[in-house]
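To start, the structure under review is shown below, and the notes come after it.
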Amino acid sequence: MRTARFFALAAAGVLATTGVAACSDSEKGDSATAGGPIVVKASDTACDVGTTDLGAGTATFKITNSGAKVTEFYVYASGDRVMGEVENIAPGLSRELHVELPAGTYETACKPGMSGKGIRGALKVSGSAQPLTADAALAGATDNYQRYVKSQTGALLEKTEEFVAAVKAGDVAKAKTLFPVARTYWERIEPVAEIFGDLDPKIDGREEVIEEGMEFTGFHRIEKDLWQSGDISKDGPIADRLLADVKEIVAKANAEKLSPLQLANGAKELLDEVASGKITGEEDRYSHTDLWDFAANLEGSKAAVSALRPALEQRSPELVTQLDTEFTNVEALLGKHRDGDGWKLHTALSKAELKELSDGINALAEPISKVAAVVAR
Amino acid sequence: MSGSRLSRRRAITLAGVGVAGVAGVAAGAGALISDSRDPAAASDHPAGAVPFHGEHQAGIVTPAQDRLHFVAFDVITKDRARLVELLQEWTAAAVRMTAGRDAGVLGAVGGMPEAPPDDTGEALGLPPSQLTLTIGFGPTLFRDADGRDRFGIADRRPAALAELPKFPGDALQPQLSGGDLCVQACANDPQVAVHAIRNLARLGMGVVSVRWSQLGFGRTSSTSRDQATARNLFGFKDGTANLKAEDTDLLREQLWVQPGDGPDWMAGGSYLVTRKIRMLVETWDRTSLAEQEEIVGRTKGSGAPLGRTDEFDEPDFAARGDDGQPVIAEHAHVTLAHPSRNAGAHLLRRGYNFVDGSDGLGRLDAGLFFIAYQRDPRRQFVPIQTQLARHDVMNEYLRHVSSGLFACPPGVRDGGDHWGRALFG
């Protein structure tokens with residue numbers, strides 16, 4: 001369920017900012033937050049933000065809903081990229097949003113009734129603040145991971161081109177072989193892709209997440225045609241569209257610099273993907289190639305943790321030992337299901353084998369869920 | 001930090017009054033006796049805390065609470081030290097949760113914003129609700145299915161922890177049966193019981209894996225003379241002749257493992273048998289009242305043995321009706337299960353009704369999650385169940401789908417003690 005994952009990451013971004021609040025506040029006395037939270041008066045028809053001009057760093061918004069509808073509050077960067085959000089503010093309630101905002105222009109939005117584009121307002125952020133990456137080990141982590149993203153997006157583009165060419169040529173057998181391979185590179189960097197919320201469902205959305213009025217496109221649409229009807233004669237435009245979307249996301253992903261916390265949360269989310277969608281066979285329900293995705297999610301998670309490793313070793317060596325043990329364990333469990341260069345089909349595994357994998361993922365996901373807090377401290 | 005804790009903390013303070021009030025009375029018995037000074041505890045759904053520490057584990061003779069969440073785990077680690085560490089962590093969490101506190105030190109809302117909370121939070125604001133957590137060790141913990149002595153404790157396995165025989169008519173599902181460890185959570189609020197099991201399962205990730213679990217409602221036994229006898233889903237009072245907390249001598253003889261019975265680590269403990277018994281309620285409901293009563297051997301209304309007037313009257317198996325036939329049938333449930341027909345064997349039952357939704361054929365997936373504690377299953381549950389499985393007419397309406405056997409060690413004595421210390425020490 002892509003949309004949910006996207007929001008989860010956005011929410012993680014919000015949390016991320018609270019951890020640095022203390023340090024950026026003390027280093028920047030002129031921050032707009034110094035005098036207390038920015039008051040947002042939300043109603044069913046208005047979104048009155050206390051100030052529209054603030055200094056870079058951590059901002060705290062206090063949203064009070066005086067309307068009759070449940071509302072939400074967002075801070076968007078250009079292109080409606082979510083910098084922070086609070087959901088589900090019931091009438092009469094106040095909620096706080098902590099968000100780290102570098103200099104730039106943003107939009108605030110209240111969404112009475114929790115739908116639509118909301119009541120927008122401009123927000124200007126100026127000056128500079130110490131970001132989390134001031135720590136050398138963490139700065140190294142993001143640079144390191146950036147290189148990983150670059151290598152994966154390069155291969156993603158190449159393999160998607162091959163896949164698309166096979167689909168357009170009507171070569172079902174070849175397209176079937178290429179399907180899990182192209183997805184490997186996608187699945188390794190999925191949390192990055194998920195930052196661009198609108199592109200992710202187009203490329204990797206499953207049939208059930210497609211809203212009314214939206215078209216079912218992307219990998220899983222072609223997967224369905226390849227495995228279910230075997231008729232891909234009308235998939236040319238879908239394939240072209242997939243390639244265009246992948247190109248766009250590759251460009252954006254390489255321009256995006258992830259924060260160390262996003263790395264940490266991404267590592268966890270990749271395992272959550274495995275636990276919720278791959279173990280169950282939901283993700284690749286037509287091709288049953290879920291184990292390719294499983295392996296790729298695991299590799300992607302490991303890459304993110306590896307990038308953070310120098311910082312983790314300084315701060316929590318025992319956590320590193322635990323992560324190493326559990327990564328080795330899951331890799332060994334998954335390794336039993338190799339099939340040539342690839343993996344067995346999900347349907348070839350017994351329930352007991354799937355439970356064993358699930359136990360391994362749970363054992364790894366628990367220590368990984370602790371990484372973000374270690375990074376933030 | 002503690003000052004900022006939410007309502008669950010406040011509930012504890014309130015409940016604390018009840019705990020202090022009963023501590024003297026309940027000491028040793030490990031059971032909570034309701035305290036009339038605490039209005040919550042005096043009601044039918046006491047909210048106070050049951051002491052965790054004691055000679056015996058709580059949750060055995062503790063007056064049966066209304067709700068159950070029972071879970072059986074497989075141990076998936078090979079590392080004995082990790083298992084022992086988990087048992088220590090579980091004990092610490094159990095001490096906190098049974099007192100109405102969060103599972104972890106930081107709690108549901110007290111930790112770093114970037115970290116997942118160390119308590120899942122759904123019990124915030126709820127009182128302890130007489131939560132008890134009771135642990136048991138299955139035969140496969142001592143030697144696994146392949147005969148391996150994984151944790152070096154095979155020689156400590158009690159003889160009484162012998163696998164149950166296959167009873168006639170058993171339709172056991174292996175994936176719903178057995179387990180290396182079990183935890184029984186009983187509480188007067190289902191949310192509190194579920195919260196406890198969920199947090200223990202989470203603490204156990206990587207060391208244990210949930211094998212099966214069962215929710216139960218509506219206790220079907222009373223374990224104290226203060227409690228009214230509850231009804232099972234057949235509509236009959238269940239547990240009238242149960243062993244009760246007040247039967248001190250009988251408990252020593254029938255319930256608690258005595259020194260010399262087997263390995264020392266079990267003295268003061270008890271053996272637990274669980275059976276998930278699906279009831280075919282639709283066909284039972286089409287059975288005449290007379291036949292239902294004949295099968296059970298008791299009247300449906302008062303619960304009195306047939307031919308007698310009061311629920312607690314002793315059944316008279318010798319009585320004959322005008323037709324010369326026994327008033328209580330030879331194959332009535334009450335006859336077959338009676339201690340006089342089983343060499344004096346009693347059980348302490350604390351089973352629960354369950355409804356796991358419907359079965360897709362329009363039938364309730366319902367029945368009894370049978371729980372019985374005893375000193376030695378070989379002399380108690382096994383002969384009784386053998387009789388019932390062979391002769392009980394009620395079997396027409398029952399299917400035994402799950403079975404479990406666990407050795408429940410004695411109580412955790414104090415803060416320095418933990419679950420399994422004597423076994424692994």
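Chain lettering (A, B, ...) mirrors the order of the structure tokens, residue numbering begins at 1 for each chain separately, and ligand numbering begins at 1 in order of display.
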
Using only C-alpha atoms, find the residues of chain A whose closest atom to chain B is at most 6 Å away, then write them as a PDB file with N, CA and C atoms, in the first residue's frame.
ATOM      1  N   LEU A  15       9.094  13.470  12.884  1.00  0.00           N
ATOM      2  CA  LEU A  15       9.738  13.051  14.118  1.00  0.00           C
ATOM      3  C   LEU A  15      11.204  13.433  14.090  1.00  0.00           C
ATOM      4  N   ASN A 362      11.240 -10.469  11.591  1.00  0.00           N
ATOM      5  CA  ASN A 362      10.855  -9.832  12.863  1.00  0.00           C
ATOM      6  C   ASN A 362      12.062  -9.662  13.778  1.00  0.00           C
ATOM      7  N   ALA A 363      12.916 -10.668  13.804  1.00  0.00           N
ATOM      8  CA  ALA A 363      14.092 -10.609  14.679  1.00  0.00           C
ATOM      9  C   ALA A 363      15.042  -9.505  14.232  1.00  0.00           C
ATOM     10  N   LYS A 370      15.435   0.431  16.195  1.00  0.00           N
ATOM     11  CA  LYS A 370      16.138   1.256  17.197  1.00  0.00           C
ATOM     12  C   LYS A 370      17.190   2.180  16.562  1.00  0.00           C
ATOM     13  N   ALA A 372      17.035   4.597  14.290  1.00  0.00           N
ATOM     14  CA  ALA A 372      16.713   6.019  14.151  1.00  0.00           C
ATOM     15  C   ALA A 372      16.986   6.789  15.434  1.00  0.00           C
ATOM     16  N   ALA A 373      16.614   6.177  16.558  1.00  0.00           N
ATOM     17  CA  ALA A 373      16.817   6.868  17.829  1.00  0.00           C
ATOM     18  C   ALA A 373      18.306   7.039  18.121  1.00  0.00           C
TER      19      ALA A 373
END

Checklist entry - Hey, what's within 9 Å of A:Thr60 if we count only C-alpha atoms and toss same-chain stuff fewer than 5 positions away? As a PyMOL selection string, please? => result chain A and resi 32-33+36-39+96-100

Save the residues we just selected, N, CA and C atoms, as a compact mmCIF listing (two decimals), in the first residue's frame?
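Ended up saving to out.txt:
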# COMPACT_ATOMS: atom_id res chain seq x y z
N ALA A 32 12.57 31.54 14.72
CA ALA A 32 11.20 31.99 14.92
C ALA A 32 10.52 31.20 16.04
N THR A 33 11.11 30.06 16.36
CA THR A 33 10.47 29.24 17.39
C THR A 33 10.83 29.68 18.79
N GLY A 36 8.17 30.57 21.28
CA GLY A 36 7.05 29.63 21.41
C GLY A 36 6.52 29.22 20.07
N PRO A 37 5.56 28.32 20.09
CA PRO A 37 5.07 27.78 18.82
C PRO A 37 4.31 28.81 17.98
N ILE A 38 4.32 28.57 16.69
CA ILE A 38 3.55 29.41 15.77
C ILE A 38 2.09 28.95 15.86
N VAL A 39 1.23 29.88 16.20
CA VAL A 39 -0.16 29.51 16.41
C VAL A 39 -0.90 29.42 15.08
N GLU A 96 0.49 19.69 17.99
CA GLU A 96 1.72 20.38 17.61
C GLU A 96 2.43 19.65 16.48
N LEU A 97 3.06 20.41 15.63
CA LEU A 97 3.88 19.85 14.57
C LEU A 97 5.28 20.45 14.70
N HIS A 98 6.29 19.57 14.81
CA HIS A 98 7.68 20.01 14.81
C HIS A 98 8.24 19.66 13.45
N VAL A 99 8.84 20.61 12.81
CA VAL A 99 9.35 20.32 11.48
C VAL A 99 10.64 21.10 11.23
N GLU A 100 11.61 20.42 10.65
CA GLU A 100 12.89 21.06 10.36
C GLU A 100 12.81 21.65 8.96

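Atom to atom, atom CA of A:Lys234 and atom CA of A:Phe196 stand 27.8 Å apart.
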
Next on the checklist: Need to verify the contact set: A:Arg315, 8 Å, only C-alpha atoms, exclusion of same-chain residues closer than 3 positions in sequence. Can you return it as JSON, numbers by chain?
Outcome noted: {"A": [311, 312, 374]}

Please produce an output containing N, CA, C and O atoms for each residue in the selection, written as a PDB file, in the first residue's frame.
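Heads up, here's the output in part-v7.pdb:
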ATOM      1  N   ALA A 311      28.742   5.789  12.259  1.00  0.00           N
ATOM      2  CA  ALA A 311      28.080   6.510  13.349  1.00  0.00           C
ATOM      3  C   ALA A 311      27.532   5.537  14.384  1.00  0.00           C
ATOM      4  O   ALA A 311      27.632   5.767  15.594  1.00  0.00           O
ATOM      5  N   LEU A 312      26.950   4.429  13.906  1.00  0.00           N
ATOM      6  CA  LEU A 312      26.383   3.458  14.840  1.00  0.00           C
ATOM      7  C   LEU A 312      27.465   2.809  15.693  1.00  0.00           C
ATOM      8  O   LEU A 312      27.267   2.553  16.875  1.00  0.00           O
ATOM      9  N   VAL A 374      19.117   6.054  17.720  1.00  0.00           N
ATOM     10  CA  VAL A 374      20.565   6.163  17.934  1.00  0.00           C
ATOM     11  C   VAL A 374      21.142   7.272  17.045  1.00  0.00           C
ATOM     12  O   VAL A 374      21.982   8.062  17.470  1.00  0.00           O
TER      13      VAL A 374
END

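Omitting A:Asp231 and its sequence neighbours fewer than 6 positions away, and counting only C-alpha atoms, the residues within 9 Å are Gly170, Val172 and Asp225 of chain A.
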
Checklist entry - Near A:Arg81, counting only C-alpha atoms, which residues have an atom at most 10 Å away, once you skip same-chain residues fewer than 6 positions from it, shown as a ChimeraX atom specification? => result /A:10,74-75,106-107,195-198

Take the selection from the previous step and output its residues with C-alpha atoms, as a short mmCIF file (atom, residue, chain, number, x, y, z; two decimals), in the first residue's frame.
data_model
loop_
_atom_site.label_atom_id
_atom_site.label_comp_id
_atom_site.auth_asym_id
_atom_site.auth_seq_id
_atom_site.Cartn_x
_atom_site.Cartn_y
_atom_site.Cartn_z
CA ALA A 10 6.63 11.83 5.86
CA TYR A 74 0.64 20.32 6.26
CA VAL A 75 3.83 22.10 5.40
CA TYR A 106 6.90 26.63 1.44
CA GLU A 107 3.15 26.37 1.65
CA ILE A 195 9.35 10.41 -1.04
CA PHE A 196 7.88 11.36 -4.40
CA GLY A 197 4.43 10.28 -3.41
CA ASP A 198 2.66 10.81 -6.71
#

Next on the checklist: Residues near stretch 254-267 of chain B, anyone? I mean within 9 Å using only C-alpha atoms, not counting same-chain ones fewer than 5 positions away, as a PyMOL selection string.
Outcome noted: chain B and resi 56+156-160+243+249+345-348+373-376+380+407-410+420-423

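Distances to A:Arg147 were evaluated for A:Glu366, A:Glu248, A:Glu256, A:Glu223 using only C-alpha atoms, and the minimum falls at A:Glu256.
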
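Note that atom CA of A:Ala109 and atom CA of A:Val125 are 15.8 Å apart.
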
Checklist entry - Distance atom CA of A:Ser301-atom CA of A:Asp204, one decimal place? => result 18.5 Å

Would you please give, as a compact mmCIF listing (two decimals) with N, CA, C and O atoms, in the first residue's frame, all residues of stretch 144-300 of chain B that DSSP assigns to strand (DSSP E or B) based on the backbone?
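Output saved as result.txt:
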# COMPACT_ATOMS: atom_id res chain seq x y z
N LEU B 181 6.85 -23.01 25.04
CA LEU B 181 6.52 -22.15 26.18
C LEU B 181 5.08 -21.72 26.02
O LEU B 181 4.58 -21.64 24.90
N CYS B 182 4.44 -21.41 27.13
CA CYS B 182 3.12 -20.78 27.01
C CYS B 182 3.02 -19.67 28.03
O CYS B 182 3.73 -19.67 29.04
N VAL B 183 2.17 -18.71 27.75
CA VAL B 183 1.81 -17.70 28.74
C VAL B 183 0.30 -17.55 28.73
O VAL B 183 -0.31 -17.37 27.67
N GLN B 184 -0.27 -17.67 29.92
CA GLN B 184 -1.70 -17.47 30.09
C GLN B 184 -1.90 -16.08 30.69
O GLN B 184 -1.35 -15.78 31.74
N ALA B 185 -2.63 -15.24 29.96
CA ALA B 185 -2.96 -13.91 30.50
C ALA B 185 -4.45 -13.90 30.80
O ALA B 185 -5.26 -14.13 29.90
N CYS B 186 -4.80 -13.66 32.05
CA CYS B 186 -6.20 -13.52 32.42
C CYS B 186 -6.40 -12.13 33.00
O CYS B 186 -5.53 -11.62 33.71
N ALA B 187 -7.52 -11.51 32.68
CA ALA B 187 -7.82 -10.17 33.20
C ALA B 187 -9.31 -9.94 33.10
O ALA B 187 -10.01 -10.68 32.40
N MET B 205 10.72 -11.22 19.99
CA MET B 205 11.09 -11.32 18.57
C MET B 205 12.54 -11.80 18.42
O MET B 205 13.43 -11.25 19.05
N VAL B 208 11.72 -16.12 20.43
CA VAL B 208 10.57 -17.02 20.33
C VAL B 208 9.67 -16.56 19.18
O VAL B 208 9.78 -15.43 18.72
N SER B 209 8.81 -17.46 18.76
CA SER B 209 7.87 -17.13 17.69
C SER B 209 6.50 -17.65 18.12
O SER B 209 6.39 -18.77 18.64
N VAL B 210 5.48 -16.83 17.93
CA VAL B 210 4.15 -17.26 18.33
C VAL B 210 3.74 -18.47 17.49
O VAL B 210 3.79 -18.44 16.27
N ARG B 211 3.38 -19.54 18.18
CA ARG B 211 2.95 -20.76 17.48
C ARG B 211 1.44 -20.73 17.28
O ARG B 211 0.94 -20.95 16.20
N TRP B 212 0.71 -20.44 18.35
CA TRP B 212 -0.74 -20.28 18.25
C TRP B 212 -1.20 -19.46 19.44
O TRP B 212 -0.47 -19.32 20.42
N SER B 213 -2.38 -18.90 19.34
CA SER B 213 -2.90 -18.16 20.48
C SER B 213 -4.41 -18.26 20.49
O SER B 213 -5.03 -18.63 19.49
N GLN B 214 -4.99 -17.95 21.62
CA GLN B 214 -6.43 -18.10 21.78
C GLN B 214 -6.98 -17.01 22.68
O GLN B 214 -6.44 -16.77 23.76
N LEU B 215 -8.03 -16.37 22.21
CA LEU B 215 -8.77 -15.42 23.05
C LEU B 215 -9.94 -16.14 23.68
O LEU B 215 -10.57 -16.99 23.04
N GLY B 216 -10.25 -15.79 24.91
CA GLY B 216 -11.41 -16.39 25.56
C GLY B 216 -12.20 -15.35 26.32
O GLY B 216 -11.66 -14.34 26.76
N PHE B 217 -13.47 -15.60 26.44
CA PHE B 217 -14.33 -14.70 27.22
C PHE B 217 -15.20 -15.57 28.11
O PHE B 217 -15.35 -16.77 27.87
N GLY B 218 -15.82 -14.95 29.12
CA GLY B 218 -16.78 -15.69 29.93
C GLY B 218 -16.15 -16.89 30.57
O GLY B 218 -16.24 -18.01 30.06
N ARG B 219 -15.48 -16.71 31.70
CA ARG B 219 -14.88 -17.83 32.40
C ARG B 219 -15.91 -18.95 32.53
O ARG B 219 -17.09 -18.69 32.77
N ARG B 231 -21.51 -20.15 33.11
CA ARG B 231 -22.05 -21.11 32.14
C ARG B 231 -21.16 -21.21 30.91
O ARG B 231 -20.55 -20.24 30.48
N LYS B 237 -24.12 -24.67 33.71
CA LYS B 237 -23.14 -24.23 34.69
C LYS B 237 -21.93 -25.16 34.60
O LYS B 237 -22.09 -26.38 34.53
N SER B 270 2.70 -26.50 39.03
CA SER B 270 1.53 -27.29 38.67
C SER B 270 1.60 -27.60 37.17
O SER B 270 2.27 -26.88 36.42
N TYR B 271 0.95 -28.68 36.75
CA TYR B 271 0.95 -29.02 35.33
C TYR B 271 -0.33 -28.54 34.68
O TYR B 271 -1.42 -28.70 35.24
N LEU B 272 -0.17 -27.96 33.51
CA LEU B 272 -1.29 -27.35 32.80
C LEU B 272 -1.61 -28.15 31.54
O LEU B 272 -0.72 -28.47 30.76
N VAL B 273 -2.88 -28.49 31.40
CA VAL B 273 -3.34 -29.09 30.15
C VAL B 273 -4.32 -28.13 29.51
O VAL B 273 -5.23 -27.61 30.18
N THR B 274 -4.11 -27.82 28.22
CA THR B 274 -5.09 -27.02 27.49
C THR B 274 -5.69 -27.87 26.39
O THR B 274 -4.99 -28.70 25.79
N ARG B 275 -6.96 -27.68 26.14
CA ARG B 275 -7.62 -28.36 25.03
C ARG B 275 -8.57 -27.36 24.40
O ARG B 275 -9.40 -26.76 25.09
N LYS B 276 -8.45 -27.15 23.12
CA LYS B 276 -9.45 -26.31 22.45
C LYS B 276 -10.54 -27.24 21.95
O LYS B 276 -10.29 -28.12 21.13
N ILE B 277 -11.71 -27.03 22.52
CA ILE B 277 -12.82 -27.95 22.22
C ILE B 277 -13.88 -27.19 21.44
O ILE B 277 -14.59 -26.33 21.98
N ARG B 278 -13.95 -27.46 20.17
CA ARG B 278 -14.99 -26.85 19.34
C ARG B 278 -16.33 -27.47 19.74
O ARG B 278 -16.43 -28.69 19.89
N MET B 279 -17.33 -26.63 19.93
CA MET B 279 -18.67 -27.12 20.25
C MET B 279 -19.56 -26.93 19.03
O MET B 279 -19.59 -25.84 18.45
N ARG B 298 -26.91 -32.99 34.92
CA ARG B 298 -27.34 -31.91 35.81
C ARG B 298 -28.51 -31.19 35.16
O ARG B 298 -28.67 -31.23 33.93

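Taking only C-alpha atoms into account, A:Asn254 lies nearest to A:Asp143 out of the set A:Asp272, A:Glu87, A:Glu299, A:Asp143.
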
Checklist entry - Among stretch 100-284 of chain B, which ones does DSSP place in alpha helix (DSSP H), written as JSON, numbers by chain? => result {"B": [139, 140, 141, 142, 190, 191, 192, 193, 194, 195, 196, 197, 198, 199, 200, 201, 202, 203, 248, 249, 250, 251, 252, 253, 254, 281, 282, 283, 284]}
